[in-house]
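Undergrad: Contents of model34.txt (compact mmCIF, C-alpha atoms) are below:
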# COMPACT_ATOMS: atom_id res chain seq x y z
CA SER R 489 81.34 127.87 -8.42
CA ARG R 490 83.50 130.89 -7.64
CA LYS R 491 83.26 133.14 -4.63
CA LEU R 492 81.91 136.63 -5.25
CA GLY R 493 81.15 138.05 -1.81
CA LYS R 494 83.86 139.16 0.59
CA MET R 495 82.27 138.08 3.89
CA ARG R 496 83.12 134.57 5.12
CA ASP R 497 82.06 132.42 8.05
CA GLY R 498 84.51 130.47 10.25
CA LYS R 499 84.76 127.70 7.62
CA GLY R 500 85.53 130.09 4.75
CA ARG R 501 82.07 129.84 3.16
CA GLU R 502 80.33 132.90 1.81
CA LYS R 503 78.18 134.58 4.45
CA PHE R 504 75.28 136.92 3.75
CA HIS R 505 75.84 140.45 4.97
CA ILE R 506 73.73 143.45 3.98
CA ASP R 507 76.82 145.60 3.33
CA ASP R 508 78.58 142.97 1.19
CA ARG R 509 77.41 144.12 -2.23
CA SER R 510 79.45 143.80 -5.40
CA THR R 511 79.89 146.63 -7.87
CA GLY R 512 78.92 146.27 -11.52
CA ALA R 513 82.62 145.97 -12.43
CA GLU R 514 83.13 143.21 -9.85
CA ILE R 515 80.16 141.25 -11.20
CA ALA R 516 81.38 141.63 -14.81
CA GLU R 517 84.87 140.46 -13.73
CA TYR R 518 83.32 137.51 -11.88
CA TYR R 519 81.38 136.34 -14.95
CA GLY R 520 84.45 136.90 -17.13
CA LYS R 521 86.44 134.53 -14.92
CA VAL R 522 83.62 131.96 -14.89
CA ALA R 523 83.35 132.12 -18.69
CA GLU R 524 87.13 131.69 -19.05
CA GLN R 525 87.06 128.73 -16.66
CA PHE R 526 84.38 127.06 -18.82
CA ARG R 527 86.31 127.84 -22.03
CA GLN R 528 89.55 126.38 -20.64
CA SER R 529 87.79 123.11 -19.78
CA GLY R 530 87.55 122.42 -23.51
CA ARG R 531 83.99 121.19 -23.09
CA VAL R 532 82.32 124.54 -23.67
CA GLN R 533 82.46 126.97 -26.56
CA LEU R 534 81.31 130.48 -25.73
CA ILE R 535 79.81 132.58 -28.50
CA PHE R 536 78.80 136.07 -27.39
CA ASP R 537 76.95 138.85 -29.26
CA SER R 538 75.16 136.30 -31.40
CA GLU R 539 71.77 135.36 -32.78
CA TYR R 540 70.59 131.81 -33.03
CA GLU R 541 68.16 129.79 -35.12
CA GLU R 542 67.31 126.13 -34.86
CA SER R 543 65.81 123.36 -36.91
CA GLU R 544 64.80 119.87 -35.81
CA GLU R 545 65.59 116.78 -37.87
CA ASP R 546 65.38 113.17 -36.70
CA LYS R 547 65.12 114.05 -32.99
CA HIS R 548 68.31 116.13 -33.22
CA THR R 549 68.44 119.89 -33.17
CA THR R 550 70.76 121.84 -35.41
CA CYS R 551 71.56 125.31 -34.14
CA ILE R 552 72.92 128.00 -36.42
CA VAL R 553 74.70 130.70 -34.43
CA THR R 554 75.61 133.95 -36.20
CA ASN R 555 78.04 136.36 -34.56
CA ARG R 556 76.50 139.82 -34.95
CA SER R 557 79.88 141.59 -34.95
CA THR R 558 81.81 139.42 -37.41
CA GLY R 559 79.05 137.60 -39.32
CA GLU R 560 80.81 134.29 -38.57
CA ILE R 561 78.40 131.33 -38.63
CA THR R 562 78.78 128.33 -36.32
CA THR R 563 76.63 125.23 -36.72
CA VAL R 564 76.07 123.01 -33.70
CA SER R 565 74.26 119.67 -33.58
CA CYS R 566 72.62 119.01 -30.23
CA GLY R 567 70.84 115.95 -28.91
CA LYS R 568 69.05 118.04 -26.35
CA VAL R 569 68.41 121.78 -26.19
CA VAL R 570 67.07 123.34 -23.01
CA LYS R 571 65.22 126.59 -23.63
CA ILE R 572 63.34 129.01 -21.47
CA HIS R 573 60.59 130.96 -23.16
CA THR R 574 58.70 133.84 -21.65
CA ASN R 575 56.00 136.08 -22.99
CA LEU R 576 57.59 139.13 -21.44
CA LEU R 577 56.28 142.36 -22.92
CA VAL R 578 57.66 145.63 -21.60
CA PRO R 579 56.21 149.05 -22.51
CA SER R 580 59.00 149.84 -25.01
CA MET R 581 58.02 146.72 -27.00
CA ARG R 582 54.47 147.83 -27.78
CA ASP R 583 52.84 150.76 -29.53
CA GLY R 584 51.26 152.72 -26.71
CA PRO R 585 49.54 151.54 -23.55
CA PRO R 586 47.34 148.41 -23.48
CA PHE R 587 44.27 150.49 -22.65
CA PRO R 588 42.42 153.37 -24.32
CA VAL R 589 43.76 156.88 -23.75
CA ASP R 590 41.97 160.12 -24.60
CA ALA R 591 43.50 161.82 -27.64
CA ALA R 592 44.07 165.01 -25.59
CA ALA R 593 46.38 163.16 -23.17
CA LYS R 594 50.11 162.95 -23.91
CA VAL R 595 51.50 159.45 -23.24
CA VAL R 596 55.22 159.37 -22.47
CA PRO R 597 57.05 156.02 -22.28
CA VAL R 598 59.01 155.65 -19.05
CA ASN R 599 62.33 155.75 -20.95
CA ASP R 600 61.44 159.26 -22.15
CA LEU R 601 60.50 160.54 -18.69
CA PRO R 602 63.82 162.32 -17.94
CA SER R 603 63.73 164.36 -21.18
CA SER R 604 60.01 165.02 -20.70
CA VAL R 605 60.56 166.45 -17.22
CA LYS R 606 63.56 168.46 -18.40
CA SER R 607 61.53 169.99 -21.28
CA GLY R 608 59.02 171.50 -18.83
CA LYS R 609 56.19 170.88 -21.34
CA HIS R 610 54.05 168.99 -18.84
CA SER R 611 52.58 170.24 -15.59
CA LYS R 612 50.75 167.10 -14.43
CA TYR R 613 51.90 163.47 -14.40
CA ILE R 614 50.05 160.18 -14.00
CA VAL R 615 52.13 157.12 -13.18
CA ILE R 616 50.44 153.73 -13.53
CA GLY R 617 51.83 150.75 -11.61
CA ALA R 618 53.39 150.06 -8.22
CA GLY R 619 56.30 147.94 -9.41
CA LYS R 620 59.91 149.05 -9.44
CA THR R 621 59.52 151.04 -12.65
CA GLY R 622 56.48 152.91 -11.31
CA LEU R 623 58.27 153.67 -8.05
CA ASP R 624 61.40 154.78 -9.93
CA SER R 625 59.24 157.07 -12.08
CA VAL R 626 57.62 158.75 -9.08
CA THR R 627 61.00 159.11 -7.37
CA HIS R 628 62.50 160.65 -10.52
CA LEU R 629 59.67 163.17 -10.78
CA LEU R 630 60.00 164.21 -7.13
CA ARG R 631 63.80 164.45 -7.27
CA ASN R 632 63.58 166.64 -10.36
CA GLY R 633 61.33 169.31 -8.94
CA VAL R 634 57.84 168.07 -9.79
CA ASP R 635 55.56 168.95 -6.89
CA GLN R 636 53.85 165.94 -5.31
CA SER R 637 50.44 167.53 -5.92
CA ASP R 638 51.16 167.33 -9.67
CA ILE R 639 51.67 163.55 -9.58
CA THR R 640 48.85 161.01 -9.59
CA TRP R 641 50.04 157.49 -8.87
CA ILE R 642 47.63 154.71 -9.81
CA ILE R 643 48.24 151.38 -8.07
CA SER R 644 46.10 148.27 -7.79
CA ARG R 645 46.29 147.89 -3.99
CA ASP R 646 48.20 149.05 -0.94
CA VAL R 647 51.92 148.57 -1.34
CA TRP R 648 54.36 147.94 1.49
CA TYR R 649 58.02 148.75 0.95
CA PHE R 650 60.68 147.86 3.48
CA ILE R 651 64.06 149.52 3.83
CA ARG R 652 66.09 146.36 4.06
CA ASP R 653 69.03 148.03 5.83
CA GLY R 654 66.82 148.35 8.91
CA TYR R 655 65.60 144.76 8.84
CA ILE R 656 68.75 142.78 8.19
CA ARG R 657 71.86 143.16 10.33
CA GLU R 658 74.90 140.89 10.27
CA GLY R 659 72.92 138.24 8.42
CA ASN R 660 70.14 138.18 11.03
CA SER R 661 66.59 139.33 10.60
CA TYR R 662 65.37 142.36 12.52
CA TRP R 663 62.65 140.12 13.91
CA GLN R 664 65.22 137.67 15.31
CA ASP R 665 67.02 140.54 17.08
CA VAL R 666 63.89 141.88 18.80
CA GLY R 667 62.17 138.51 19.40
Spit out the file's structure as structure tokens when you get a sec.
TA:
Amino acid sequence: SRKLGKMRDGKGREKFHIDDRSTGAEIAEYYGKVAEQFRQSGRVQLIFDSEYEESEEDKHTTCIVTNRSTGEITTVSCGKVVKIHTNLLVPSMRDGPPFPVDAAAKVVPVNDLPSSVKSGKHSKYIVIGAGKTGLDSVTHLLRNGVDQSDITWIISRDVWYFIRDGYIREGNSYWQDVG
């Protein structure tokens, strides 16, 4: 394991601090170094920008890895393959919403929201969902001049958001400080 954060305790171990956040470039550099460390060990072959297929024969799995950039094919025989499968389905992966919508209503996928707002074609907005994407959508609308009375936000229940900067200081909880 490599150190990513800058804050350390008295023994040199990484210490949580609310202001110790890495930039995207620092995270990419971190994973680049980790990948290079694995490659140099000689026990790991890294194949990026690839697609993979598998077939099972006699309790062994053969994986065919095709590099999307070069077309190079690598075949790997594995005794054990660990996979994680999810049934994740995001709005951009389906044709329209998973519920009926009146034909007179214009449905705009969240990825098209910035251009939709910029076009000025719409005067009312309905945002469905209280997750991060829903909150980001409402915030985008408000920051781009849409009046709050023109936004309807449909959520399943009350939502509580906490501004973490106010609750965590120097690695301690707000509640520890006041308790």
Undergrad: Can you tell me which residues surround Glu514 in chain R at a distance of at most 12 Å, considering only C-alpha atoms, apart from same-chain residues fewer than 6 positions away, and format the answer as a ChimeraX atom specification?
TA: /R:491-494,508,520-521
Undergrad: Go ahead and compute the interatomic distance for CA of Leu629 in chain R and CA of Val605 in chain R, in Å to one decimal.
TA: 7.3 Å
Undergrad: Using CA of Lys612 in chain R and CA of His628 in chain R as the two end points, give the distance in Å to one decimal.
TA: 14.0 Å
Undergrad: Need the shell around Arg631 in chain R: protein/DNA/RNA residues with any atom at most 12 Å away, counting all atoms listed in the file. Skip same-chain ones fewer than 4 positions apart. Format as a ChimeraX atom specification?
TA: /R:602,605-606,624-627,635-636
Undergrad: Can those selected residues be exported to a file as an mmCIF file, keeping the file's coordinate frame so that it contains C-alpha atoms?
TA:
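Written output follows (selection06.cif):
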data_model
loop_
_atom_site.group_PDB
_atom_site.id
_atom_site.type_symbol
_atom_site.label_atom_id
_atom_site.label_comp_id
_atom_site.auth_asym_id
_atom_site.auth_seq_id
_atom_site.Cartn_x
_atom_site.Cartn_y
_atom_site.Cartn_z
ATOM 1 C CA PRO R 602 63.820 162.320 -17.940
ATOM 2 C CA VAL R 605 60.560 166.450 -17.220
ATOM 3 C CA LYS R 606 63.560 168.460 -18.400
ATOM 4 C CA ASP R 624 61.400 154.780 -9.930
ATOM 5 C CA SER R 625 59.240 157.070 -12.080
ATOM 6 C CA VAL R 626 57.620 158.750 -9.080
ATOM 7 C CA THR R 627 61.000 159.110 -7.370
ATOM 8 C CA ASP R 635 55.560 168.950 -6.890
ATOM 9 C CA GLN R 636 53.850 165.940 -5.310
#
Undergrad: Of the candidates R:Ser607, R:Asn599, R:Ser637, R:Gln533, which shows the shortest atom-to-atom distance to Val564 in chain R, using all atoms listed in the file?
TA: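 Of R:Ser607, R:Asn599, R:Ser637, R:Gln533, the one nearest Val564 in chain R is R:Gln533, counting all atoms listed in the file.
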Undergrad: Suppose you want the space between CA of Leu623 in chain R and CA of Asp646 in chain R; what is it in Å?
TA: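 Separating CA of Leu623 in chain R from CA of Asp646 in chain R is a distance of 13.2 Å.
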Undergrad: Quick one: everything within 10 Å of Val596 in chain R, counting all atoms listed in the file, minus sequence neighbours fewer than 4 positions away in the same chain. Send it as a PyMOL selection string.
TA: chain R and resi 584-585+600-601+603-604+613-614
Undergrad: Would you mind listing what lies within 9 Å of Glu541 in chain R as a VMD selection string, with all atoms listed in the file counted and same-chain residues fewer than 3 positions away left out?
TA: chain R and resid 550 to 554
Undergrad: When distances are computed from only C-alpha atoms, which of R:Phe650, R:Gly622, R:Leu577, R:Val634 shows the smallest separation from His610 in chain R?
TA: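 For His610 in chain R, the nearest of the candidates is R:Val634.
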